[in-house]
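Colleague: See target-v1.cif below, with mmCIF, C-alpha atoms.
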```
data_structure
loop_
_atom_site.label_atom_id
_atom_site.label_comp_id
_atom_site.auth_asym_id
_atom_site.auth_seq_id
_atom_site.Cartn_x
_atom_site.Cartn_y
_atom_site.Cartn_z
CA MET U 1 39.73 72.62 -103.45
CA ARG U 2 40.46 71.58 -99.89
CA PHE U 3 41.29 73.90 -96.96
CA GLU U 4 42.27 73.37 -93.32
CA SER U 5 39.45 75.64 -92.11
CA LEU U 6 36.89 78.13 -93.34
CA VAL U 7 39.11 81.20 -92.93
CA ASP U 8 41.76 79.49 -95.03
CA SER U 9 39.30 79.45 -97.94
CA VAL U 10 39.03 83.26 -98.23
CA GLY U 11 39.77 84.54 -101.74
CA ARG U 12 40.58 82.74 -105.01
CA THR U 13 37.14 83.60 -106.31
CA PRO U 14 36.09 82.89 -109.92
CA LEU U 15 36.37 85.45 -112.70
CA VAL U 16 33.51 84.87 -115.14
CA GLY U 17 32.82 86.41 -118.52
CA LEU U 18 29.60 88.22 -119.40
CA PRO U 19 28.84 86.92 -122.91
CA ARG U 20 25.52 88.79 -123.18
CA LEU U 21 26.36 92.14 -121.60
CA SER U 22 29.76 92.46 -123.30
CA PRO U 23 29.38 94.63 -126.40
CA SER U 24 31.62 92.57 -128.71
CA ALA U 25 34.30 89.91 -128.94
CA GLU U 26 36.90 92.70 -128.74
CA VAL U 27 35.39 94.49 -125.74
CA ARG U 28 34.64 92.05 -122.94
CA LEU U 29 33.42 92.32 -119.37
CA TRP U 30 34.60 89.99 -116.60
CA ALA U 31 32.96 89.65 -113.18
CA LYS U 32 35.02 88.79 -110.09
CA LEU U 33 32.54 86.84 -107.97
CA GLU U 34 33.33 87.93 -104.43
CA GLN U 35 30.09 86.49 -103.08
CA ASP U 36 31.93 83.17 -103.27
CA ASN U 37 33.91 84.13 -100.16
CA PRO U 38 33.02 82.32 -96.89
CA THR U 39 30.53 84.91 -95.59
CA GLY U 40 29.41 85.99 -99.04
CA SER U 41 31.25 89.24 -99.64
CA ILE U 42 34.56 90.78 -100.64
CA LYS U 43 34.98 92.02 -97.07
CA ASP U 44 36.25 88.62 -95.93
CA ARG U 45 39.59 89.55 -97.44
CA ALA U 46 39.97 92.84 -95.55
CA ALA U 47 38.61 91.38 -92.30
CA LEU U 48 41.05 88.48 -92.32
CA TRP U 49 44.03 90.68 -93.23
CA MET U 50 43.20 93.28 -90.56
CA VAL U 51 42.84 90.62 -87.84
CA GLN U 52 46.03 88.83 -88.90
CA ASP U 53 47.89 92.14 -88.96
CA ALA U 54 46.68 93.04 -85.44
CA GLU U 55 47.74 89.58 -84.24
CA LYS U 56 51.20 90.00 -85.78
CA ARG U 57 51.55 93.33 -84.03
CA GLY U 58 50.58 91.74 -80.70
CA LEU U 59 47.36 93.71 -80.30
CA LEU U 60 45.04 90.71 -80.08
CA SER U 61 45.11 87.80 -77.67
CA PRO U 62 42.33 85.28 -76.93
CA GLY U 63 39.34 86.98 -75.32
CA ALA U 64 40.24 90.39 -76.76
CA THR U 65 37.45 92.77 -77.78
CA VAL U 66 37.41 94.05 -81.35
CA LEU U 67 35.39 97.17 -82.23
CA GLU U 68 34.46 98.29 -85.73
CA PRO U 69 32.18 100.84 -87.38
CA THR U 70 30.52 98.94 -90.19
CA SER U 71 27.30 99.10 -92.14
CA GLY U 72 27.28 95.37 -92.54
CA ASN U 73 29.55 93.31 -94.74
CA THR U 74 32.80 94.08 -92.91
CA GLY U 75 31.04 93.36 -89.64
CA ILE U 76 29.75 90.04 -90.91
CA SER U 77 33.24 89.06 -92.12
CA LEU U 78 34.86 90.19 -88.87
CA ALA U 79 32.21 88.34 -86.86
CA MET U 80 33.08 85.09 -88.61
CA VAL U 81 36.85 85.59 -88.29
CA CYS U 82 36.60 86.75 -84.65
CA SER U 83 34.34 83.84 -83.69
CA GLN U 84 36.89 81.42 -85.13
CA ARG U 85 39.75 83.16 -83.33
CA GLY U 86 38.03 83.57 -79.95
CA TYR U 87 37.61 87.36 -79.97
CA ARG U 88 34.58 89.35 -78.90
CA LEU U 89 33.32 91.69 -81.64
CA ILE U 90 31.29 94.87 -81.21
CA CYS U 91 29.97 96.49 -84.41
CA VAL U 92 28.75 100.08 -84.58
CA MET U 93 26.24 100.44 -87.41
CA PRO U 94 23.53 102.87 -88.52
CA GLU U 95 20.11 101.79 -87.28
CA ASN U 96 18.63 101.90 -90.82
CA THR U 97 20.82 99.05 -92.08
CA SER U 98 18.91 96.04 -93.40
CA ILE U 99 17.46 93.43 -91.04
CA GLU U 100 19.32 90.59 -92.71
CA ARG U 101 22.65 92.16 -91.86
CA ARG U 102 21.82 92.54 -88.21
CA GLN U 103 20.64 88.95 -88.02
CA LEU U 104 23.78 87.67 -89.70
CA LEU U 105 25.95 89.60 -87.24
CA ALA U 106 24.04 88.26 -84.27
CA MET U 107 24.25 84.74 -85.69
CA TRP U 108 28.05 84.87 -85.71
CA GLY U 109 28.03 86.18 -82.14
CA ALA U 110 28.75 89.85 -82.72
CA GLU U 111 27.27 92.52 -80.48
CA ILE U 112 25.72 95.54 -82.18
CA ILE U 113 25.71 99.16 -81.13
CA PHE U 114 23.35 101.20 -83.28
CA SER U 115 24.24 104.73 -84.25
CA PRO U 116 21.42 107.03 -85.38
CA ALA U 117 20.27 106.72 -88.98
CA ALA U 118 20.61 110.47 -89.08
CA GLY U 119 24.34 110.91 -89.54
CA GLY U 120 24.79 107.68 -91.45
CA SER U 121 28.15 105.95 -91.58
CA ASN U 122 29.85 109.19 -90.59
CA GLU U 123 28.05 108.92 -87.29
CA ALA U 124 28.92 105.23 -86.90
CA VAL U 125 32.59 106.12 -87.42
CA ALA U 126 32.33 108.95 -84.90
CA VAL U 127 30.64 106.78 -82.26
CA ALA U 128 33.18 104.00 -82.76
CA LYS U 129 36.10 106.42 -82.40
CA ARG U 130 34.54 107.74 -79.21
CA LEU U 131 33.98 104.25 -77.75
CA SER U 132 37.52 103.33 -78.69
CA ALA U 133 38.87 106.32 -76.77
CA GLU U 134 36.72 105.40 -73.75
CA ASN U 135 37.80 101.74 -73.82
CA PRO U 136 41.54 101.68 -74.43
CA ASP U 137 41.70 97.89 -74.14
CA TRP U 138 39.34 97.44 -77.09
CA VAL U 139 40.98 97.10 -80.50
CA MET U 140 39.43 99.15 -83.29
CA LEU U 141 40.64 97.74 -86.61
CA TYR U 142 39.21 100.78 -88.43
CA GLN U 143 38.74 99.64 -92.02
CA TYR U 144 38.71 103.22 -93.37
CA GLY U 145 42.29 103.86 -92.32
CA ASN U 146 43.88 100.44 -91.78
CA PRO U 147 46.52 99.75 -94.45
CA ALA U 148 45.91 96.00 -93.99
CA ASN U 149 42.51 96.52 -95.65
CA ALA U 150 44.12 97.70 -98.90
CA GLN U 151 47.00 95.26 -98.45
CA ALA U 152 44.58 92.31 -98.59
CA HIS U 153 43.64 93.38 -102.12
CA TYR U 154 47.22 94.18 -103.09
CA GLU U 155 48.24 90.64 -102.09
CA THR U 156 45.19 88.68 -103.25
CA THR U 157 42.49 90.37 -105.37
CA GLY U 158 44.98 92.07 -107.69
CA PRO U 159 47.22 89.03 -108.35
CA GLU U 160 44.18 86.75 -108.79
CA ILE U 161 42.64 89.02 -111.43
CA LEU U 162 45.90 89.42 -113.32
CA GLU U 163 46.55 85.67 -113.28
CA ASP U 164 43.08 84.97 -114.69
CA LEU U 165 43.06 87.90 -117.14
CA PRO U 166 46.58 88.83 -118.28
CA THR U 167 45.06 90.97 -121.06
CA ILE U 168 43.21 93.22 -118.60
CA THR U 169 42.84 96.85 -119.71
CA HIS U 170 40.35 98.18 -117.12
CA PHE U 171 39.57 97.52 -113.47
CA VAL U 172 36.30 98.83 -112.02
CA ALA U 173 35.24 98.59 -108.36
CA GLY U 174 33.14 100.35 -105.76
CA LEU U 175 34.37 103.14 -103.53
CA GLY U 176 33.50 102.84 -99.84
CA THR U 177 36.45 102.39 -97.52
CA THR U 178 38.45 102.59 -100.78
CA GLY U 179 40.44 99.47 -99.74
CA THR U 180 39.52 97.37 -102.79
CA LEU U 181 40.45 100.09 -105.27
CA MET U 182 43.59 101.23 -103.46
CA GLY U 183 45.03 97.72 -103.05
CA THR U 184 43.93 96.10 -106.31
CA GLY U 185 44.46 99.33 -108.25
CA ARG U 186 48.02 99.79 -106.96
CA TYR U 187 48.96 96.21 -107.77
CA LEU U 188 47.48 96.29 -111.26
CA LYS U 189 49.04 99.67 -112.06
CA GLU U 190 52.46 98.31 -111.14
CA GLN U 191 51.97 95.21 -113.27
CA VAL U 192 50.00 96.57 -116.23
CA PRO U 193 51.27 99.94 -117.45
CA GLY U 194 48.48 102.11 -118.79
CA ILE U 195 45.65 100.20 -117.10
CA THR U 196 42.50 102.22 -116.44
CA VAL U 197 41.29 102.10 -112.82
CA ILE U 198 37.72 103.30 -112.32
CA ALA U 199 35.81 103.99 -109.09
CA ALA U 200 32.02 103.69 -108.97
CA GLU U 201 30.64 105.59 -106.03
CA PRO U 202 27.05 105.01 -104.92
CA ARG U 203 24.93 108.17 -104.90
CA TYR U 204 22.18 107.79 -102.37
CA GLY U 205 18.79 109.49 -102.37
CA GLU U 206 18.09 113.18 -101.91
CA LEU U 207 17.88 113.14 -98.12
CA VAL U 208 20.85 110.98 -97.43
CA TYR U 209 23.61 113.58 -97.19
CA GLY U 210 22.32 115.08 -93.94
CA LEU U 211 25.44 116.66 -92.50
CA ARG U 212 25.01 119.81 -90.46
CA ASN U 213 27.82 121.45 -92.35
CA ILE U 214 30.45 120.65 -94.92
CA ASP U 215 33.22 120.41 -92.35
CA GLU U 216 31.63 117.27 -90.92
CA GLY U 217 32.44 115.50 -94.17
CA PHE U 218 34.57 112.38 -94.30
CA VAL U 219 37.22 111.06 -96.65
CA PRO U 220 38.69 107.65 -95.71
CA GLU U 221 42.32 107.92 -94.65
CA LEU U 222 43.17 105.09 -97.10
CA TYR U 223 42.00 107.11 -100.11
CA ASP U 224 44.70 108.12 -102.58
CA ALA U 225 43.22 109.71 -105.70
CA SER U 226 46.41 109.09 -107.69
CA VAL U 227 45.54 105.36 -107.91
CA LEU U 228 42.39 106.15 -109.89
CA THR U 229 41.98 107.13 -113.52
CA SER U 230 38.49 108.43 -112.89
CA ARG U 231 35.62 108.29 -110.43
CA TYR U 232 31.90 108.19 -111.23
CA SER U 233 28.84 108.81 -109.12
CA VAL U 234 26.09 106.28 -109.84
CA GLY U 235 22.53 106.85 -108.66
CA PRO U 236 20.10 104.22 -107.40
CA LYS U 237 18.13 104.03 -110.66
CA GLU U 238 21.14 103.02 -112.75
CA ALA U 239 22.44 100.72 -110.00
CA LEU U 240 19.09 98.92 -109.79
CA ARG U 241 18.74 98.64 -113.55
CA ARG U 242 22.19 97.07 -113.91
CA THR U 243 21.65 94.78 -110.93
CA ARG U 244 18.59 93.42 -112.72
CA ASP U 245 20.42 93.24 -116.08
CA LEU U 246 23.10 91.16 -114.38
CA VAL U 247 20.70 88.57 -112.99
CA GLU U 248 18.35 88.54 -116.01
CA GLN U 249 21.01 88.35 -118.71
CA GLU U 250 23.96 86.66 -117.05
CA GLY U 251 22.34 84.82 -114.14
CA ILE U 252 24.46 86.62 -111.54
CA PHE U 253 22.38 87.55 -108.48
CA ALA U 254 24.33 90.44 -106.98
CA GLY U 255 23.82 93.19 -104.43
CA ILE U 256 22.90 96.68 -105.52
CA SER U 257 26.34 98.27 -105.22
CA THR U 258 27.48 95.78 -107.86
CA GLY U 259 24.88 97.28 -110.21
CA ALA U 260 26.55 100.65 -109.74
CA ILE U 261 29.93 99.12 -110.55
CA LEU U 262 28.57 97.36 -113.63
CA HIS U 263 27.08 100.66 -114.80
CA ALA U 264 30.51 102.30 -114.69
CA ALA U 265 32.09 99.24 -116.35
CA LEU U 266 29.58 99.34 -119.20
CA ALA U 267 30.33 103.04 -119.75
CA GLN U 268 34.02 102.13 -120.16
CA ALA U 269 33.00 99.34 -122.56
CA ASP U 270 30.99 101.81 -124.67
CA LYS U 271 33.93 104.17 -124.75
CA ALA U 272 36.27 101.40 -125.92
CA VAL U 273 33.84 100.41 -128.68
CA LYS U 274 33.54 104.04 -129.86
CA ASP U 275 37.33 104.42 -129.83
CA GLY U 276 37.73 101.14 -131.72
CA ARG U 277 39.96 99.73 -128.98
CA GLN U 278 40.18 96.18 -127.63
CA ALA U 279 39.28 95.98 -123.92
CA ASP U 280 39.13 93.40 -121.14
CA ILE U 281 37.25 95.04 -118.30
CA ALA U 282 37.28 93.31 -114.91
CA PHE U 283 34.83 94.47 -112.27
CA ILE U 284 34.00 93.43 -108.74
CA VAL U 285 30.79 91.69 -107.72
CA CYS U 286 30.90 92.73 -104.05
CA ASP U 287 28.25 90.39 -102.69
CA GLY U 288 25.09 88.48 -103.58
CA GLY U 289 21.61 89.95 -103.54
CA TRP U 290 20.26 87.94 -100.62
CA LYS U 291 20.90 90.59 -97.98
CA TYR U 292 19.01 93.21 -99.98
CA LEU U 293 15.76 91.36 -100.69
CA SER U 294 13.98 93.22 -97.89
CA THR U 295 14.92 96.58 -99.43
CA GLY U 296 12.45 95.92 -102.25
CA ALA U 297 15.21 96.29 -104.85
CA TYR U 298 14.23 93.18 -106.77
CA ALA U 299 10.45 93.53 -106.72
CA GLY U 300 8.09 95.54 -108.92
CA THR U 301 9.11 98.18 -111.45
CA LEU U 302 12.41 100.04 -111.34
CA GLU U 303 10.56 103.16 -110.20
CA GLU U 304 8.99 101.28 -107.29
CA ALA U 305 12.33 99.77 -106.34
CA GLU U 306 13.99 103.18 -106.50
CA ALA U 307 11.33 104.68 -104.25
CA ALA U 308 11.79 101.80 -101.80
CA LEU U 309 15.53 102.49 -101.59
CA GLU U 310 15.15 106.17 -100.70
CA GLY U 311 16.80 106.81 -97.35
CA GLN U 312 18.21 103.27 -97.18
CA LEU U 313 21.81 102.30 -97.15
CA TRP U 314 22.03 100.22 -100.31
CA ALA U 315 25.77 99.90 -100.70
CA MET M 316 25.53 128.69 -122.08
CA ALA M 317 23.46 126.99 -119.41
CA VAL M 318 24.52 124.36 -116.94
CA GLN M 319 22.21 122.70 -114.44
CA VAL M 320 23.59 122.50 -110.91
CA ARG M 321 22.22 120.15 -108.25
CA VAL M 322 22.69 121.58 -104.78
CA PRO M 323 22.77 119.34 -101.66
CA THR M 324 20.40 120.00 -98.77
CA ILE M 325 23.01 121.60 -96.53
CA LEU M 326 23.84 124.28 -99.11
CA ARG M 327 20.27 125.18 -100.07
CA SER M 328 20.21 128.05 -97.60
CA TYR M 329 22.24 129.83 -100.30
CA THR M 330 19.81 129.00 -103.12
CA GLY M 331 16.48 129.90 -101.51
CA ASN M 332 15.96 126.15 -100.95
CA SER M 333 16.18 125.37 -104.67
CA LYS M 334 17.71 121.96 -105.30
CA VAL M 335 18.53 122.73 -108.91
CA VAL M 336 19.86 126.10 -110.08
CA GLU M 337 21.16 127.28 -113.45
CA GLY M 338 24.52 128.79 -114.05
CA ALA M 339 27.00 129.59 -116.79
CA GLY M 340 30.74 129.36 -117.34
CA ASP M 341 33.37 127.68 -119.49
CA THR M 342 35.00 126.13 -116.44
CA LEU M 343 33.89 125.02 -113.00
CA ALA M 344 35.64 128.04 -111.45
CA ALA M 345 33.73 130.38 -113.78
CA LEU M 346 30.48 128.57 -112.99
CA PHE M 347 31.01 129.00 -109.23
CA GLU M 348 31.74 132.71 -109.72
CA ASP M 349 28.59 133.08 -111.80
CA LEU M 350 26.50 131.25 -109.19
CA ASP M 351 27.91 133.45 -106.45
CA THR M 352 26.51 136.58 -108.12
CA ARG M 353 22.96 135.23 -107.61
CA HIS M 354 23.61 133.04 -104.57
CA PRO M 355 26.12 135.02 -102.49
CA GLY M 356 28.24 132.90 -100.17
CA LEU M 357 27.77 129.61 -102.07
CA ARG M 358 31.18 129.75 -103.71
CA GLY M 359 32.83 130.27 -100.33
CA ARG M 360 31.43 126.93 -99.15
CA LEU M 361 32.74 125.06 -102.20
CA VAL M 362 36.29 126.28 -102.53
CA SER M 363 39.15 126.80 -100.10
CA GLY M 364 42.79 127.81 -100.08
CA ASP M 365 44.18 131.29 -100.75
CA GLY M 366 41.72 133.07 -102.99
CA GLY M 367 39.66 129.91 -103.31
CA GLY M 368 42.26 128.07 -105.34
CA GLU M 369 40.92 124.55 -104.82
CA LEU M 370 37.82 122.53 -104.06
CA HIS M 371 36.95 122.14 -100.40
CA ARG M 372 38.29 118.80 -99.10
CA PHE M 373 34.83 117.58 -98.07
CA VAL M 374 33.02 118.73 -101.23
CA ASN M 375 32.65 116.42 -104.22
CA VAL M 376 31.56 117.89 -107.54
CA TYR M 377 30.58 115.83 -110.56
CA ILE M 378 30.15 116.91 -114.19
CA ASN M 379 27.75 114.46 -115.86
CA ASP M 380 28.45 112.09 -112.94
CA GLU M 381 32.26 112.21 -113.33
CA ASP M 382 34.30 113.50 -110.36
CA VAL M 383 35.81 116.85 -111.38
CA ARG M 384 39.02 116.12 -109.48
CA PHE M 385 39.87 113.82 -112.41
CA LEU M 386 38.87 116.45 -114.97
CA GLY M 387 41.13 119.27 -113.84
CA GLY M 388 39.34 120.33 -110.66
CA LEU M 389 38.22 123.96 -110.80
CA ASP M 390 39.69 124.18 -114.32
CA ALA M 391 37.38 121.39 -115.54
CA LYS M 392 35.71 122.40 -118.80
CA LEU M 393 31.96 122.81 -119.06
CA ALA M 394 29.73 122.65 -122.11
CA ASP M 395 26.18 123.76 -122.73
CA GLY M 396 23.70 121.29 -121.29
CA ASP M 397 26.14 119.73 -118.80
CA SER M 398 24.78 118.62 -115.48
CA VAL M 399 26.78 119.47 -112.33
CA THR M 400 26.14 117.70 -109.02
CA ILE M 401 27.53 118.94 -105.71
CA LEU M 402 27.65 116.49 -102.78
CA PRO M 403 29.29 116.52 -99.37
CA ALA M 404 31.85 113.74 -98.84
CA VAL M 405 30.41 111.11 -96.51
CA ALA M 406 31.60 107.72 -95.27
CA GLY M 407 29.54 105.83 -97.83
CA GLY M 408 26.66 105.94 -95.44
CA SER M 409 23.09 106.93 -95.15
CA ALA M 410 21.44 109.73 -93.22
CA ILE M 411 18.06 111.32 -93.10
CA VAL M 412 18.00 114.31 -90.79
CA PRO M 413 20.90 116.13 -89.17
CA ALA M 414 21.21 114.95 -85.58
CA THR M 415 22.14 116.99 -82.56
CA LEU M 416 22.13 114.04 -80.20
CA GLY M 417 23.25 110.55 -81.15
CA ARG M 418 21.29 107.62 -79.80
CA VAL M 419 23.12 104.41 -79.18
CA THR M 420 21.55 101.09 -78.28
CA ILE M 421 23.44 98.11 -77.00
CA LEU M 422 21.88 94.78 -77.91
CA PRO M 423 22.83 91.38 -76.57
CA ALA M 424 23.90 88.97 -79.26
CA VAL M 425 20.83 86.90 -80.03
CA ALA M 426 19.79 85.10 -83.18
CA GLY M 427 17.44 87.41 -85.04
CA GLY M 428 18.40 90.28 -82.75
CA SER M 429 17.22 92.85 -85.20
CA ALA M 430 14.47 94.70 -83.44
CA ILE M 431 14.16 96.77 -80.30
CA VAL M 432 16.11 96.40 -77.07
CA PRO M 433 14.86 93.44 -75.05
CA ALA M 434 13.67 94.97 -71.79
CA THR M 435 15.49 92.53 -69.57
CA LEU M 436 18.87 92.65 -71.24
CA GLY M 437 19.16 95.88 -73.17
CA ARG M 438 21.00 98.95 -72.03
CA VAL M 439 20.54 102.34 -73.65
CA THR M 440 23.17 105.01 -73.57
CA ILE M 441 22.81 108.57 -74.83
CA LEU M 442 25.91 109.87 -76.53
CA PRO M 443 26.32 113.25 -78.18
CA ALA M 444 27.08 113.01 -81.86
CA VAL M 445 30.64 113.99 -82.63
CA ALA M 446 32.17 114.93 -85.93
CA GLY M 447 33.81 112.17 -87.92
CA GLY M 448 36.95 112.29 -89.97
#
```
Could you express the structure from this file as structure tokens?

Modeller:
Amino acid sequence: MRFESLVDSVGRTPLVGLPRLSPSAEVRLWAKLEQDNPTGSIKDRAALWMVQDAEKRGLLSPGATVLEPTSGNTGISLAMVCSQRGYRLICVMPENTSIERRQLLAMWGAEIIFSPAAGGSNEAVAVAKRLSAENPDWVMLYQYGNPANAQAHYETTGPEILEDLPTITHFVAGLGTTGTLMGTGRYLKEQVPGITVIAAEPRYGELVYGLRNIDEGFVPELYDASVLTSRYSVGPKEALRRTRDLVEQEGIFAGISTGAILHAALAQADKAVKDGRQADIAFIVCDGGWKYLSTGAYAGTLEEAEAALEGQLWA
Amino acid sequence: MAVQVRVPTILRSYTGNSKVVEGAGDTLAALFEDLDTRHPGLRGRLVSGDGGGELHRFVNVYINDEDVRFLGGLDAKLADGDSVTILPAVAGGSAIVPATLGRVTILPAVAGGSAIVPATLGRVTILPAVAGG
């Protein structure tokens, strides 16, 4: 396939079957390989759509400064898109995010503002909102509440999956900004009556939910529970185990959040087998495993890897 | 009928610092009422609305890892041996200790700029942490 430029090549990723992890010929799993996007993650779609939307609305002109709270992949995608468009990008990210992510951001010319590890992404969002208020000429795209994030998936991820898998019965993806599930889920629900839409939400280690009180909690503005059939919390042990299953059995080297998604997808597969129903279950591979090597996720026993992930942002 | 309930750090002041407590009830609402008899005040942090009619917006509760909002909310059914997990809603992020002061570091864009602030170029600003959402 030939494209005019790198940003024009975002999307149209392969959907590949999992012949070994699928339980039977009637119940099959299909992986949407989003690491095949230009910067290696699904976030290229949202980044490009949010920038294009801001351009259409006249918010961005050459030399403009874009600001975004991001723990990594969205920042990396925005850095690439902004560098190609001539915008300055400032990313606010928790200081305990992996080294690879920071290096990738710097490589594409982004500037980084670290928010304290204590407070996590909530804190990064809060700091970004504050900086945005202090610098009215900066443009915060705000992936958690920007409809263009979900729209990217409504216009691309959803149609691509349906075109490649017209017999789809289930769609499973991760829940962060909720953009992937809201956009793809809405599209698929409109096109495939009765489709099951499942969210897999990473559950971090014991110490990771360090809010001072419940009222500091955060639900992305994009989130609409009515799009989902169900939502599962997946812990690091299951996520790691499935991440390793995926590379060992199917050769797909994915990031850890993908393991959590696969875990939820396999649970749906089991259910379909028990109910004696045919199923074609598509799930999202969010990114490759490269950026997570330094977390220790792929080395030693599962117990060692799980211990290494404690307190880290693995999805 | 016993149900195991995992309590997040910020609510352990109600459970004598226990991270797992036992409770009973046919539904989530009944379980919360049962817990409140031994851990007074806990229920009030989990539910809101008139008379505690719904789950608090920033509280997520899972029965055997499934979000109860898709199982009928407070009316979700419980069975003996179920595992209930309570978590605050966060922005998919990571945290270790509650912060009272946020620390923000501005780094110049350099290849491999992953470490500490370069003395000649870095600028450090102290910002108070503010609530998200």

Colleague: List the residues matched by the PyMOL selection byres ((chain M and resi 333) around 12) in the displayed structure as a ChimeraX atom specification, ordered by chain and then by residue number.

Modeller: /M:319-332,334-337,354

Colleague: Can you tell me, as a list in words, what residues are no more than 6 Å from region 378-394 of chain M when counting all atoms listed in the file, ignoring any on the same chain fewer than 6 positions away?

Modeller: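 In the requested form, the answer reads Ser230, Arg231, Tyr232 and Ser233 of chain U; Asp341, Thr342, Leu343 and Ala344 of chain M.
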
Colleague: Keeping C-alpha atoms for every residue in the selection just given, could you write it to a file as a short mmCIF file (atom, residue, chain, number, x, y, z; two decimals), in the coordinates of the input?

Modeller:
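Below is the file selection_31.cif, written as the result:
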```
data_model
loop_
_atom_site.label_atom_id
_atom_site.label_comp_id
_atom_site.auth_asym_id
_atom_site.auth_seq_id
_atom_site.Cartn_x
_atom_site.Cartn_y
_atom_site.Cartn_z
CA SER U 230 38.49 108.43 -112.89
CA ARG U 231 35.62 108.29 -110.43
CA TYR U 232 31.90 108.19 -111.23
CA SER U 233 28.84 108.81 -109.12
CA ASP M 341 33.37 127.68 -119.49
CA THR M 342 35.00 126.13 -116.44
CA LEU M 343 33.89 125.02 -113.00
CA ALA M 344 35.64 128.04 -111.45
#
```

Colleague: Quick one: which residues end up in the PyMOL selection byres ((chain U and resi 187) around 10) for this structure, as a VMD selection string?

Modeller: chain U and resid 151 153 to 159 162 181 to 186 188 to 192 227

Colleague: Please write the residues picked by the PyMOL selection byres ((chain U and resi 77) around 10) on this file as a PDB file with C-alpha atoms, in the coordinates of the input.

Modeller:
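And here is the file that came out, selection-v8.pdb:
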```pdb
ATOM      1  CA  VAL U   7      39.110  81.200 -92.930  1.00  0.00           C
ATOM      2  CA  ASN U  37      33.910  84.130-100.160  1.00  0.00           C
ATOM      3  CA  PRO U  38      33.020  82.320 -96.890  1.00  0.00           C
ATOM      4  CA  THR U  39      30.530  84.910 -95.590  1.00  0.00           C
ATOM      5  CA  GLY U  40      29.410  85.990 -99.040  1.00  0.00           C
ATOM      6  CA  SER U  41      31.250  89.240 -99.640  1.00  0.00           C
ATOM      7  CA  ILE U  42      34.560  90.780-100.640  1.00  0.00           C
ATOM      8  CA  LYS U  43      34.980  92.020 -97.070  1.00  0.00           C
ATOM      9  CA  ASP U  44      36.250  88.620 -95.930  1.00  0.00           C
ATOM     10  CA  ARG U  45      39.590  89.550 -97.440  1.00  0.00           C
ATOM     11  CA  ALA U  46      39.970  92.840 -95.550  1.00  0.00           C
ATOM     12  CA  ALA U  47      38.610  91.380 -92.300  1.00  0.00           C
ATOM     13  CA  LEU U  48      41.050  88.480 -92.320  1.00  0.00           C
ATOM     14  CA  GLY U  72      27.280  95.370 -92.540  1.00  0.00           C
ATOM     15  CA  ASN U  73      29.550  93.310 -94.740  1.00  0.00           C
ATOM     16  CA  THR U  74      32.800  94.080 -92.910  1.00  0.00           C
ATOM     17  CA  GLY U  75      31.040  93.360 -89.640  1.00  0.00           C
ATOM     18  CA  ILE U  76      29.750  90.040 -90.910  1.00  0.00           C
ATOM     19  CA  LEU U  78      34.860  90.190 -88.870  1.00  0.00           C
ATOM     20  CA  ALA U  79      32.210  88.340 -86.860  1.00  0.00           C
ATOM     21  CA  MET U  80      33.080  85.090 -88.610  1.00  0.00           C
ATOM     22  CA  VAL U  81      36.850  85.590 -88.290  1.00  0.00           C
ATOM     23  CA  CYS U  82      36.600  86.750 -84.650  1.00  0.00           C
ATOM     24  CA  SER U  83      34.340  83.840 -83.690  1.00  0.00           C
ATOM     25  CA  LEU U 104      23.780  87.670 -89.700  1.00  0.00           C
ATOM     26  CA  LEU U 105      25.950  89.600 -87.240  1.00  0.00           C
ATOM     27  CA  TRP U 108      28.050  84.870 -85.710  1.00  0.00           C
TER      28      TRP U 108
END
```

Colleague: Compile the contact shell of region 277-280 of chain U as a ChimeraX atom specification: residues with an atom at most 10 Å away, counting only C-alpha atoms, same-chain residues fewer than 2 positions apart removed.

Modeller: /U:17,22,24-30,165-171,268-269,271-275,282-283

Colleague: Identify, on the basis of only C-alpha atoms, every residue whose closest approach to Ala200 (chain U) does not exceed 7 Å; exclude the query and any residue fewer than 5 positions from it along the same chain; express the result as a ChimeraX atom specification.

Modeller: /U:173-175,231-234,260-261,264

Colleague: Measure the distance from CA of Glu68 (chain U) to CA of Leu141 (chain U) in Å and round it to one decimal.

Modeller: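 Rounded to one decimal, the two atoms are 6.3 Å apart.
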
Colleague: In terms of the shortest atom-to-atom distance over only C-alpha atoms, which of U:Leu131, U:Leu228, U:Val247, U:Ile214 is closest to Leu361 (chain M)?

Modeller: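 Of U:Leu131, U:Leu228, U:Val247, U:Ile214, the one nearest Leu361 (chain M) is U:Ile214, counting only C-alpha atoms.
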
Colleague: Distance CA of Ser5 (chain U)-CA of Val139 (chain U), one decimal place?

Modeller: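 Going from CA of Ser5 (chain U) over to CA of Val139 (chain U), I get 24.4 Å.
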
Colleague: Build an axis-aligned box that encloses every atom of region 35-51 of chain U listed in the file, pad it by 4 Å on each side, and report its centre and edge lengths in Å to one decimal, as JSON.

Modeller:
```
{"center_x": 36.7, "center_y": 87.8, "center_z": -95.6, "size_x": 22.6, "size_y": 19.0, "size_z": 23.4}
```

Colleague: Please determine, counting only C-alpha atoms, which residue among U:Asn96, U:Gln143, U:Arg244, U:Thr180 has the shortest atom-to-atom distance to Ile284 (chain U).

Modeller: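 Closest to Ile284 (chain U), using only C-alpha atoms: U:Thr180.
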